[in-house]
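Below is the file start-v4.cif, which contains mmCIF, C-alpha atoms.
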data_start
#
loop_
_atom_site.label_atom_id
_atom_site.label_comp_id
_atom_site.auth_asym_id
_atom_site.auth_seq_id
_atom_site.Cartn_x
_atom_site.Cartn_y
_atom_site.Cartn_z
CA MET X 961 -3.90 10.54 -24.69
CA ASP X 962 -5.98 12.78 -26.95
CA ALA X 963 -7.48 16.11 -25.91
CA GLN X 964 -10.99 14.71 -25.53
CA THR X 965 -9.87 11.90 -23.23
CA PHE X 966 -7.68 14.26 -21.24
CA GLN X 967 -10.55 16.70 -20.73
CA ARG X 968 -13.00 13.96 -19.82
CA GLU X 969 -10.59 12.57 -17.22
CA VAL X 970 -9.96 16.03 -15.78
CA LEU X 971 -13.68 16.73 -15.44
CA LYS X 972 -14.12 13.45 -13.55
CA VAL X 973 -11.71 14.68 -10.89
CA GLU X 974 -12.52 18.39 -11.06
CA ARG X 975 -14.00 18.50 -7.55
CA LEU X 976 -10.99 16.69 -6.13
CA LEU X 977 -8.63 19.10 -7.89
CA TYR X 978 -10.55 22.06 -6.53
CA HIS X 979 -10.40 20.69 -3.00
CA LEU X 980 -6.69 20.03 -3.38
CA CYS X 981 -6.00 23.56 -4.67
CA TYR X 982 -8.21 25.25 -2.10
CA ALA X 983 -6.71 23.24 0.76
CA MET X 984 -3.28 24.42 -0.22
CA LEU X 985 -3.95 27.96 -1.38
CA ARG X 986 -7.05 29.07 0.61
CA ASN X 987 -7.92 31.61 -2.06
CA GLU X 988 -10.32 31.01 -4.95
CA SER X 989 -8.62 33.40 -7.32
CA ASP X 990 -5.27 31.65 -6.82
CA CYS X 991 -6.98 28.29 -7.36
CA GLU X 992 -8.19 29.49 -10.75
CA ASP X 993 -4.72 30.59 -11.83
CA VAL X 994 -2.99 27.49 -10.51
CA ILE X 995 -5.37 24.99 -12.06
CA GLN X 996 -4.81 26.52 -15.48
CA GLU X 997 -1.07 26.30 -15.05
CA ALA X 998 -1.29 22.73 -13.71
CA LEU X 999 -3.54 21.50 -16.51
CA LEU X 1000 -1.36 23.01 -19.20
CA ARG X 1001 1.67 21.45 -17.58
CA ALA X 1002 -0.06 18.07 -17.40
CA TRP X 1003 -1.14 18.36 -21.02
CA GLN X 1004 2.46 19.01 -22.06
CA LYS X 1005 3.53 15.90 -20.17
CA ARG X 1006 0.62 13.71 -21.24
CA ASP X 1007 2.68 11.39 -23.39
CA GLN X 1008 4.62 10.39 -20.31
CA LEU X 1009 1.47 8.82 -18.88
CA ARG X 1010 1.10 5.44 -20.52
CA ASP X 1011 -1.28 3.94 -17.98
CA GLU X 1012 -4.48 5.97 -17.84
CA ALA X 1013 -5.53 4.03 -14.73
CA VAL X 1014 -3.18 6.20 -12.70
CA PHE X 1015 -4.43 9.46 -14.22
CA ARG X 1016 -5.99 10.65 -10.95
CA SER X 1017 -2.80 10.28 -8.92
CA TRP X 1018 -0.73 11.71 -11.75
CA ILE X 1019 -2.83 14.86 -12.20
CA CYS X 1020 -3.11 15.35 -8.43
CA ARG X 1021 0.67 15.19 -8.07
CA ILE X 1022 1.19 17.72 -10.83
CA THR X 1023 -1.48 20.01 -9.37
CA ALA X 1024 -0.10 19.75 -5.83
CA ASN X 1025 3.42 20.51 -7.06
CA THR X 1026 2.13 23.50 -9.01
CA CYS X 1027 0.44 24.74 -5.81
CA ILE X 1028 3.71 24.36 -3.91
CA GLU X 1029 5.61 26.35 -6.52
CA TRP X 1030 2.89 29.02 -6.44
CA LEU X 1031 3.10 29.28 -2.66
CA ARG X 1032 6.87 29.58 -2.81
CA ARG X 1033 6.62 32.35 -5.39
CA ARG X 1034 4.01 34.14 -3.30
CA LYS X 1035 6.02 33.74 -0.16
CA ARG X 1036 8.85 35.56 -1.86
CA GLU X 1037 6.60 38.27 -3.26
CA THR X 1038 4.20 39.13 -0.45
CA SER X 1039 3.38 38.44 3.14
CA LEU X 1040 0.34 36.31 3.82
CA SER X 1041 -1.41 38.80 6.04
CA ALA X 1042 -3.09 40.76 3.25
CA GLY X 1043 -4.63 37.60 1.83
CA GLN X 1044 -5.88 36.48 5.20
CA GLN X 1045 -7.66 39.78 5.78
CA LEU X 1046 -9.35 39.47 2.41
CA ARG X 1047 -10.59 35.99 3.19
CA LEU X 1048 -12.00 36.90 6.57
CA SER X 1049 -13.97 39.78 5.16
CA SER X 1050 -15.83 37.58 2.65
CA ALA X 1051 -18.94 35.64 3.66
CA ASP X 1052 -18.29 34.67 7.24
CA ARG X 1053 -21.74 35.03 8.68
CA ASP X 1054 -21.55 32.20 11.09
CA PHE X 1055 -19.23 32.24 14.08
CA GLU X 1056 -18.47 28.55 13.88
CA GLN X 1057 -17.55 28.88 10.24
CA LEU X 1058 -15.27 31.78 11.05
CA ALA X 1059 -13.63 29.78 13.80
CA MET X 1060 -13.24 26.88 11.42
CA LYS X 1061 -11.72 29.09 8.76
CA GLU X 1062 -9.24 30.49 11.24
CA ALA X 1063 -8.34 27.02 12.43
CA LEU X 1064 -7.81 25.81 8.86
CA ASP X 1065 -5.82 28.89 7.93
CA ALA X 1066 -3.53 28.21 10.84
CA LEU X 1067 -2.68 24.72 9.60
CA THR X 1068 0.17 24.22 7.15
CA PRO X 1069 -0.84 23.55 3.52
CA GLU X 1070 0.64 20.03 3.77
CA ILE X 1071 -1.57 19.15 6.72
CA ARG X 1072 -4.64 20.83 5.23
CA VAL X 1073 -4.37 18.98 1.95
CA CYS X 1074 -4.08 15.61 3.70
CA MET X 1075 -7.13 16.39 5.84
CA THR X 1076 -9.17 17.57 2.88
CA LEU X 1077 -8.37 14.60 0.67
CA HIS X 1078 -8.93 12.09 3.47
CA TYR X 1079 -11.79 13.51 5.53
CA LEU X 1080 -13.69 15.57 2.97
CA ASP X 1081 -13.18 13.52 -0.18
CA GLY X 1082 -12.95 10.22 1.63
CA TRP X 1083 -9.76 8.88 0.04
CA PRO X 1084 -7.95 6.23 2.06
CA VAL X 1085 -4.56 7.06 3.51
CA SER X 1086 -2.84 4.88 0.88
CA GLU X 1087 -4.47 6.83 -1.96
CA VAL X 1088 -3.66 10.22 -0.42
CA ALA X 1089 -0.04 9.06 -0.09
CA GLN X 1090 -0.03 8.07 -3.76
CA MET X 1091 -1.59 11.38 -4.86
CA LEU X 1092 0.96 13.43 -2.95
CA GLY X 1093 3.93 11.13 -3.40
CA ILE X 1094 4.66 10.79 0.28
CA PRO X 1095 4.80 7.76 2.60
CA GLU X 1096 1.57 6.58 4.22
CA GLY X 1097 3.13 7.14 7.62
CA THR X 1098 3.62 10.81 6.77
CA VAL X 1099 -0.05 11.12 5.78
CA LYS X 1100 -1.10 9.51 9.07
CA THR X 1101 1.15 11.83 11.05
CA ARG X 1102 -0.23 14.89 9.25
CA LEU X 1103 -3.81 13.75 9.86
CA MET X 1104 -3.11 13.27 13.54
CA LYS X 1105 -1.36 16.64 13.84
CA GLY X 1106 -4.21 18.30 11.94
CA ARG X 1107 -6.87 16.90 14.25
CA GLN X 1108 -4.93 17.85 17.34
CA ARG X 1109 -4.25 21.34 16.03
CA MET X 1110 -7.84 21.90 14.95
CA ASN X 1111 -9.14 20.75 18.31
CA ALA X 1112 -6.78 23.10 20.11
CA LEU X 1113 -7.46 26.05 17.80
CA LEU X 1114 -11.22 25.67 17.92
CA ARG X 1115 -11.14 25.47 21.69
CA GLU X 1116 -8.98 28.59 21.75
CA VAL X 1117 -11.27 30.54 19.40
CA GLU X 1118 -14.44 29.46 21.17
CA ALA X 1119 -13.08 30.27 24.62
CA MET F 366 -13.47 15.96 17.35
CA THR F 367 -14.87 13.08 15.30
CA GLU F 368 -13.96 12.39 11.67
CA GLU F 369 -17.57 13.02 10.72
CA ARG F 370 -17.43 16.44 12.38
CA ILE F 371 -14.18 17.30 10.59
CA LYS F 372 -15.75 16.30 7.28
CA GLU F 373 -18.80 18.44 7.99
CA LEU F 374 -16.66 21.47 8.87
CA LEU F 375 -14.40 21.02 5.86
CA ASN F 376 -17.44 20.72 3.64
CA GLN F 377 -18.84 23.98 5.00
CA ASP F 378 -15.49 25.64 4.44
CA THR F 379 -14.69 24.28 1.00
CA GLY F 380 -17.92 23.12 -0.57
CA ASP F 381 -18.51 22.49 -4.24
CA VAL F 382 -16.58 23.61 -7.25
CA PRO F 383 -17.24 27.34 -7.76
CA ASP F 384 -18.10 28.58 -11.21
CA GLY F 385 -14.84 30.54 -11.46
CA PHE F 386 -12.80 27.38 -10.98
CA HIS F 387 -14.84 25.48 -13.55
CA GLN F 388 -14.38 28.33 -16.01
CA ALA F 389 -10.62 28.26 -15.37
CA VAL F 390 -10.61 24.54 -16.21
CA LEU F 391 -12.49 25.24 -19.44
CA THR F 392 -10.07 28.07 -20.27
CA ALA F 393 -7.15 25.70 -19.79
CA PHE F 394 -8.83 23.24 -22.17
CA SER F 395 -9.17 25.94 -24.81
CA ARG F 396 -5.52 26.94 -24.38
CA MET F 397 -4.21 23.38 -24.54
CA GLU F 398 -3.94 22.89 -28.27
CA THR F 399 -2.59 26.36 -28.98
CA ALA F 400 -0.14 26.35 -26.09
CA CYS F 401 1.19 22.87 -26.76
CA PRO F 402 -0.17 21.12 -29.84
CA SER F 403 -0.06 17.36 -30.02
CA PRO F 404 3.46 16.13 -30.73
CA SER F 405 4.16 13.43 -33.28
CA SER F 406 3.23 10.07 -31.87
CA ALA F 407 5.89 8.30 -33.94
CA ALA F 408 8.22 7.76 -31.02
CA ALA F 409 6.87 5.68 -28.19
CA PRO F 410 7.22 7.61 -24.93
CA ASP F 411 8.70 6.14 -21.84
CA SER F 412 6.18 5.10 -19.26
CA VAL F 413 5.92 7.40 -16.28
CA SER F 414 3.93 6.54 -13.23
CA PRO F 415 2.93 9.04 -10.53
CA ASP F 416 5.80 7.64 -8.49
CA SER F 417 8.30 8.98 -10.96
CA LEU F 418 7.03 12.52 -10.48
CA PRO F 419 8.61 14.55 -7.72
CA PRO F 420 6.87 14.17 -4.38
CA VAL F 421 4.90 17.03 -2.91
CA GLU F 422 7.48 18.53 -0.61
CA ALA F 423 7.06 20.59 2.47
CA ILE F 424 6.91 24.31 1.81
#
Serialized structure, structure tokens:
Amino acid sequence: MDAQTFQREVLKVERLLYHLCYAMLRNESDCEDVIQEALLRAWQKRDQLRDEAVFRSWICRITANTCIEWLRRRKRETSLSAGQQLRLSSADRDFEQLAMKEALDALTPEIRVCMTLHYLDGWPVSEVAQMLGIPEGTVKTRLMKGRQRMNALLREVEA
Amino acid sequence: MTEERIKELLNQDTGDVPDGFHQAVLTAFSRMETACPSPSSAAAPDSVSPDSLPPVEAI
């Protein structure tokens, strides 16, 4: 795959990659760092991808794994509380949005990413499973847990 | 909560690609050739599907 093709394919899925990164990291600045690392990593491995038809799943898997490594590094380096305070002080004008943000923050990255890819981007469970390299049953379980947890958290916040 | 409602809330929370992210993608493009120039294509690489990559594990 040449550079032009690689870049064209990345731009086609840019929105999906952003949603994936943001679902896992919940911080725009981290998303910017991670996507650079993930794209460079994918570019280094590009000759391993013979079938360009699976580019989307392939790049999503690399990006998701880069996010995981980033979160592990951050977990070791800092506590999450400072980041959460930063996020809440940004542009949370609307109460419902704030409640939603809190509910999403409270979910695990694995659940959030499944919910984002499925509900926001509209990918079927089978495709989300392929992108993340996990069984479809696991995706379904995470979607169910996410809905239950969001319902409970939103009720809690609104009470 | 309906799926439509979840989508609406996620869309409010996440939205479109911010300029900073797009710029980061473009920066990665510009770093690609210098960071890892194209290797010789003489040897045919082994085929790798997404399934052969490690799965996204729990954190």
Give me the residues within 10 Å of range 380-388 of chain F as a ChimeraX atom specification, counting only C-alpha atoms and dropping any in the same chain fewer than 3 places off.
/X:971,974-979,982,988-996,1080 /F:373-377,391-394
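Pairwise distance (CA of Met1060 in chain X, CA of Asp378 in chain F) equals 7.4 Å.
Here CA of Arg1021 in chain X is placed at a distance of 5.4 Å from CA of Leu1092 in chain X.
CA of Leu1077 in chain X lies 7.0 Å from CA of Leu980 in chain X.
Shortest separation to chain F among X:Glu1087, X:Glu1070, X:Glu1116, X:Asp1065 occurs at residue X:Glu1070, atoms counted being all atoms listed in the file.
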Result set of the PyMOL selection byres ((chain X and resi 961) around 8) on the coordinates above, as a PyMOL selection string
chain X and resi 962-963+965-966+1006-1007
Starting from the displayed file, determine the output of the PyMOL selection byres ((chain X and resi 1095-1105) around 10) and express the residue list as a PyMOL selection string.
(chain X and resi 1067-1068+1070-1076+1078-1079+1084-1090+1092-1094+1106-1111) or (chain F and resi 420)
Give me a file of those residues, with C-alpha atoms, as a PDB file, keeping the file's coordinate frame.
ATOM      1  CA  LEU X1067      -2.680  24.720   9.600  1.00  0.00           C
ATOM      2  CA  THR X1068       0.170  24.220   7.150  1.00  0.00           C
ATOM      3  CA  GLU X1070       0.640  20.030   3.770  1.00  0.00           C
ATOM      4  CA  ILE X1071      -1.570  19.150   6.720  1.00  0.00           C
ATOM      5  CA  ARG X1072      -4.640  20.830   5.230  1.00  0.00           C
ATOM      6  CA  VAL X1073      -4.370  18.980   1.950  1.00  0.00           C
ATOM      7  CA  CYS X1074      -4.080  15.610   3.700  1.00  0.00           C
ATOM      8  CA  MET X1075      -7.130  16.390   5.840  1.00  0.00           C
ATOM      9  CA  THR X1076      -9.170  17.570   2.880  1.00  0.00           C
ATOM     10  CA  HIS X1078      -8.930  12.090   3.470  1.00  0.00           C
ATOM     11  CA  TYR X1079     -11.790  13.510   5.530  1.00  0.00           C
ATOM     12  CA  PRO X1084      -7.950   6.230   2.060  1.00  0.00           C
ATOM     13  CA  VAL X1085      -4.560   7.060   3.510  1.00  0.00           C
ATOM     14  CA  SER X1086      -2.840   4.880   0.880  1.00  0.00           C
ATOM     15  CA  GLU X1087      -4.470   6.830  -1.960  1.00  0.00           C
ATOM     16  CA  VAL X1088      -3.660  10.220  -0.420  1.00  0.00           C
ATOM     17  CA  ALA X1089      -0.040   9.060  -0.090  1.00  0.00           C
ATOM     18  CA  GLN X1090      -0.030   8.070  -3.760  1.00  0.00           C
ATOM     19  CA  LEU X1092       0.960  13.430  -2.950  1.00  0.00           C
ATOM     20  CA  GLY X1093       3.930  11.130  -3.400  1.00  0.00           C
ATOM     21  CA  ILE X1094       4.660  10.790   0.280  1.00  0.00           C
ATOM     22  CA  GLY X1106      -4.210  18.300  11.940  1.00  0.00           C
ATOM     23  CA  ARG X1107      -6.870  16.900  14.250  1.00  0.00           C
ATOM     24  CA  GLN X1108      -4.930  17.850  17.340  1.00  0.00           C
ATOM     25  CA  ARG X1109      -4.250  21.340  16.030  1.00  0.00           C
ATOM     26  CA  MET X1110      -7.840  21.900  14.950  1.00  0.00           C
ATOM     27  CA  ASN X1111      -9.140  20.750  18.310  1.00  0.00           C
TER      28      ASN X1111
ATOM     29  CA  PRO F 420       6.870  14.170  -4.380  1.00  0.00           C
TER      30      PRO F 420
END
Starting from the incomplete input, reconstruct all heavy atoms of range 1074-1085 of chain X and report them as a PDB file, keeping the file's coordinate frame.
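Everything below was put into result_10.pdb:
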ATOM      1  N   CYS X1074      -3.842  16.985   3.261  1.00  0.00           N
ATOM      2  CA  CYS X1074      -4.080  15.610   3.700  1.00  0.00           C
ATOM      3  C   CYS X1074      -5.458  15.474   4.333  1.00  0.00           C
ATOM      4  O   CYS X1074      -6.196  14.519   4.073  1.00  0.00           O
ATOM      5  CB  CYS X1074      -3.011  15.170   4.717  1.00  0.00           C
ATOM      6  SG  CYS X1074      -1.401  14.876   3.988  1.00  0.00           S
ATOM      7  N   MET X1075      -5.819  16.438   5.167  1.00  0.00           N
ATOM      8  CA  MET X1075      -7.130  16.390   5.840  1.00  0.00           C
ATOM      9  C   MET X1075      -8.272  16.501   4.838  1.00  0.00           C
ATOM     10  O   MET X1075      -9.275  15.799   4.927  1.00  0.00           O
ATOM     11  CB  MET X1075      -7.220  17.501   6.881  1.00  0.00           C
ATOM     12  CG  MET X1075      -6.234  17.297   8.011  1.00  0.00           C
ATOM     13  SD  MET X1075      -6.510  18.420   9.366  1.00  0.00           S
ATOM     14  CE  MET X1075      -7.924  17.724  10.154  1.00  0.00           C
ATOM     15  N   THR X1076      -8.104  17.384   3.870  1.00  0.00           N
ATOM     16  CA  THR X1076      -9.170  17.570   2.880  1.00  0.00           C
ATOM     17  C   THR X1076      -9.361  16.315   2.039  1.00  0.00           C
ATOM     18  O   THR X1076     -10.484  15.854   1.838  1.00  0.00           O
ATOM     19  CB  THR X1076      -8.852  18.774   1.971  1.00  0.00           C
ATOM     20  OG1 THR X1076      -8.745  19.935   2.791  1.00  0.00           O
ATOM     21  CG2 THR X1076      -9.926  18.997   0.939  1.00  0.00           C
ATOM     22  N   LEU X1077      -8.258  15.771   1.538  1.00  0.00           N
ATOM     23  CA  LEU X1077      -8.370  14.600   0.670  1.00  0.00           C
ATOM     24  C   LEU X1077      -8.915  13.395   1.442  1.00  0.00           C
ATOM     25  O   LEU X1077      -9.693  12.610   0.915  1.00  0.00           O
ATOM     26  CB  LEU X1077      -7.013  14.252   0.044  1.00  0.00           C
ATOM     27  CG  LEU X1077      -6.423  15.307  -0.899  1.00  0.00           C
ATOM     28  CD1 LEU X1077      -5.068  14.864  -1.435  1.00  0.00           C
ATOM     29  CD2 LEU X1077      -7.356  15.609  -2.056  1.00  0.00           C
ATOM     30  N   HIS X1078      -8.514  13.259   2.697  1.00  0.00           N
ATOM     31  CA  HIS X1078      -8.930  12.090   3.470  1.00  0.00           C
ATOM     32  C   HIS X1078     -10.327  12.273   4.083  1.00  0.00           C
ATOM     33  O   HIS X1078     -11.212  11.450   3.870  1.00  0.00           O
ATOM     34  CB  HIS X1078      -7.906  11.814   4.569  1.00  0.00           C
ATOM     35  CG  HIS X1078      -8.242  10.621   5.416  1.00  0.00           C
ATOM     36  ND1 HIS X1078      -8.240   9.329   4.917  1.00  0.00           N
ATOM     37  CD2 HIS X1078      -8.604  10.522   6.719  1.00  0.00           C
ATOM     38  CE1 HIS X1078      -8.593   8.494   5.878  1.00  0.00           C
ATOM     39  NE2 HIS X1078      -8.817   9.185   6.978  1.00  0.00           N
ATOM     40  N   TYR X1079     -10.521  13.354   4.801  1.00  0.00           N
ATOM     41  CA  TYR X1079     -11.790  13.510   5.530  1.00  0.00           C
ATOM     42  C   TYR X1079     -12.922  14.029   4.652  1.00  0.00           C
ATOM     43  O   TYR X1079     -14.062  13.583   4.761  1.00  0.00           O
ATOM     44  CB  TYR X1079     -11.610  14.445   6.731  1.00  0.00           C
ATOM     45  CG  TYR X1079     -10.721  13.879   7.800  1.00  0.00           C
ATOM     46  CD1 TYR X1079      -9.619  14.578   8.260  1.00  0.00           C
ATOM     47  CD2 TYR X1079     -11.002  12.634   8.362  1.00  0.00           C
ATOM     48  CE1 TYR X1079      -8.798  14.062   9.242  1.00  0.00           C
ATOM     49  CE2 TYR X1079     -10.168  12.108   9.339  1.00  0.00           C
ATOM     50  CZ  TYR X1079      -9.073  12.821   9.773  1.00  0.00           C
ATOM     51  OH  TYR X1079      -8.263  12.296  10.746  1.00  0.00           O
ATOM     52  N   LEU X1080     -12.622  14.991   3.793  1.00  0.00           N
ATOM     53  CA  LEU X1080     -13.690  15.570   2.970  1.00  0.00           C
ATOM     54  C   LEU X1080     -13.989  14.698   1.761  1.00  0.00           C
ATOM     55  O   LEU X1080     -15.140  14.388   1.474  1.00  0.00           O
ATOM     56  CB  LEU X1080     -13.308  16.989   2.536  1.00  0.00           C
ATOM     57  CG  LEU X1080     -14.311  17.722   1.641  1.00  0.00           C
ATOM     58  CD1 LEU X1080     -15.658  17.871   2.339  1.00  0.00           C
ATOM     59  CD2 LEU X1080     -13.792  19.097   1.262  1.00  0.00           C
ATOM     60  N   ASP X1081     -12.950  14.291   1.043  1.00  0.00           N
ATOM     61  CA  ASP X1081     -13.180  13.520  -0.180  1.00  0.00           C
ATOM     62  C   ASP X1081     -13.196  12.018   0.061  1.00  0.00           C
ATOM     63  O   ASP X1081     -13.551  11.258  -0.839  1.00  0.00           O
ATOM     64  CB  ASP X1081     -12.115  13.884  -1.227  1.00  0.00           C
ATOM     65  CG  ASP X1081     -12.321  15.311  -1.736  1.00  0.00           C
ATOM     66  OD1 ASP X1081     -13.465  15.652  -2.068  1.00  0.00           O
ATOM     67  OD2 ASP X1081     -11.356  16.088  -1.777  1.00  0.00           O
ATOM     68  N   GLY X1082     -12.807  11.628   1.256  1.00  0.00           N
ATOM     69  CA  GLY X1082     -12.950  10.220   1.630  1.00  0.00           C
ATOM     70  C   GLY X1082     -11.912   9.277   1.053  1.00  0.00           C
ATOM     71  O   GLY X1082     -12.116   8.065   1.035  1.00  0.00           O
ATOM     72  N   TRP X1083     -10.782   9.775   0.579  1.00  0.00           N
ATOM     73  CA  TRP X1083      -9.760   8.880   0.040  1.00  0.00           C
ATOM     74  C   TRP X1083      -9.014   8.208   1.174  1.00  0.00           C
ATOM     75  O   TRP X1083      -8.695   8.852   2.176  1.00  0.00           O
ATOM     76  CB  TRP X1083      -8.774   9.647  -0.842  1.00  0.00           C
ATOM     77  CG  TRP X1083      -9.424  10.184  -2.072  1.00  0.00           C
ATOM     78  CD1 TRP X1083      -9.727  11.483  -2.347  1.00  0.00           C
ATOM     79  CD2 TRP X1083      -9.903   9.432  -3.187  1.00  0.00           C
ATOM     80  NE1 TRP X1083     -10.362  11.587  -3.566  1.00  0.00           N
ATOM     81  CE2 TRP X1083     -10.481  10.344  -4.098  1.00  0.00           C
ATOM     82  CE3 TRP X1083      -9.907   8.075  -3.514  1.00  0.00           C
ATOM     83  CZ2 TRP X1083     -11.054   9.938  -5.312  1.00  0.00           C
ATOM     84  CZ3 TRP X1083     -10.476   7.675  -4.714  1.00  0.00           C
ATOM     85  CH2 TRP X1083     -11.034   8.597  -5.596  1.00  0.00           C
ATOM     86  N   PRO X1084      -8.724   6.911   1.014  1.00  0.00           N
ATOM     87  CA  PRO X1084      -7.950   6.230   2.060  1.00  0.00           C
ATOM     88  C   PRO X1084      -6.532   6.785   2.147  1.00  0.00           C
ATOM     89  O   PRO X1084      -6.040   7.401   1.186  1.00  0.00           O
ATOM     90  CB  PRO X1084      -7.947   4.768   1.607  1.00  0.00           C
ATOM     91  CG  PRO X1084      -8.341   4.766   0.187  1.00  0.00           C
ATOM     92  CD  PRO X1084      -9.105   6.025  -0.088  1.00  0.00           C
ATOM     93  N   VAL X1085      -5.915   6.545   3.273  1.00  0.00           N
ATOM     94  CA  VAL X1085      -4.560   7.060   3.510  1.00  0.00           C
ATOM     95  C   VAL X1085      -3.610   6.632   2.376  1.00  0.00           C
ATOM     96  O   VAL X1085      -2.804   7.430   1.888  1.00  0.00           O
ATOM     97  CB  VAL X1085      -4.043   6.536   4.876  1.00  0.00           C
ATOM     98  CG1 VAL X1085      -2.554   6.768   5.036  1.00  0.00           C
ATOM     99  CG2 VAL X1085      -4.808   7.231   6.009  1.00  0.00           C
TER     100      VAL X1085
END
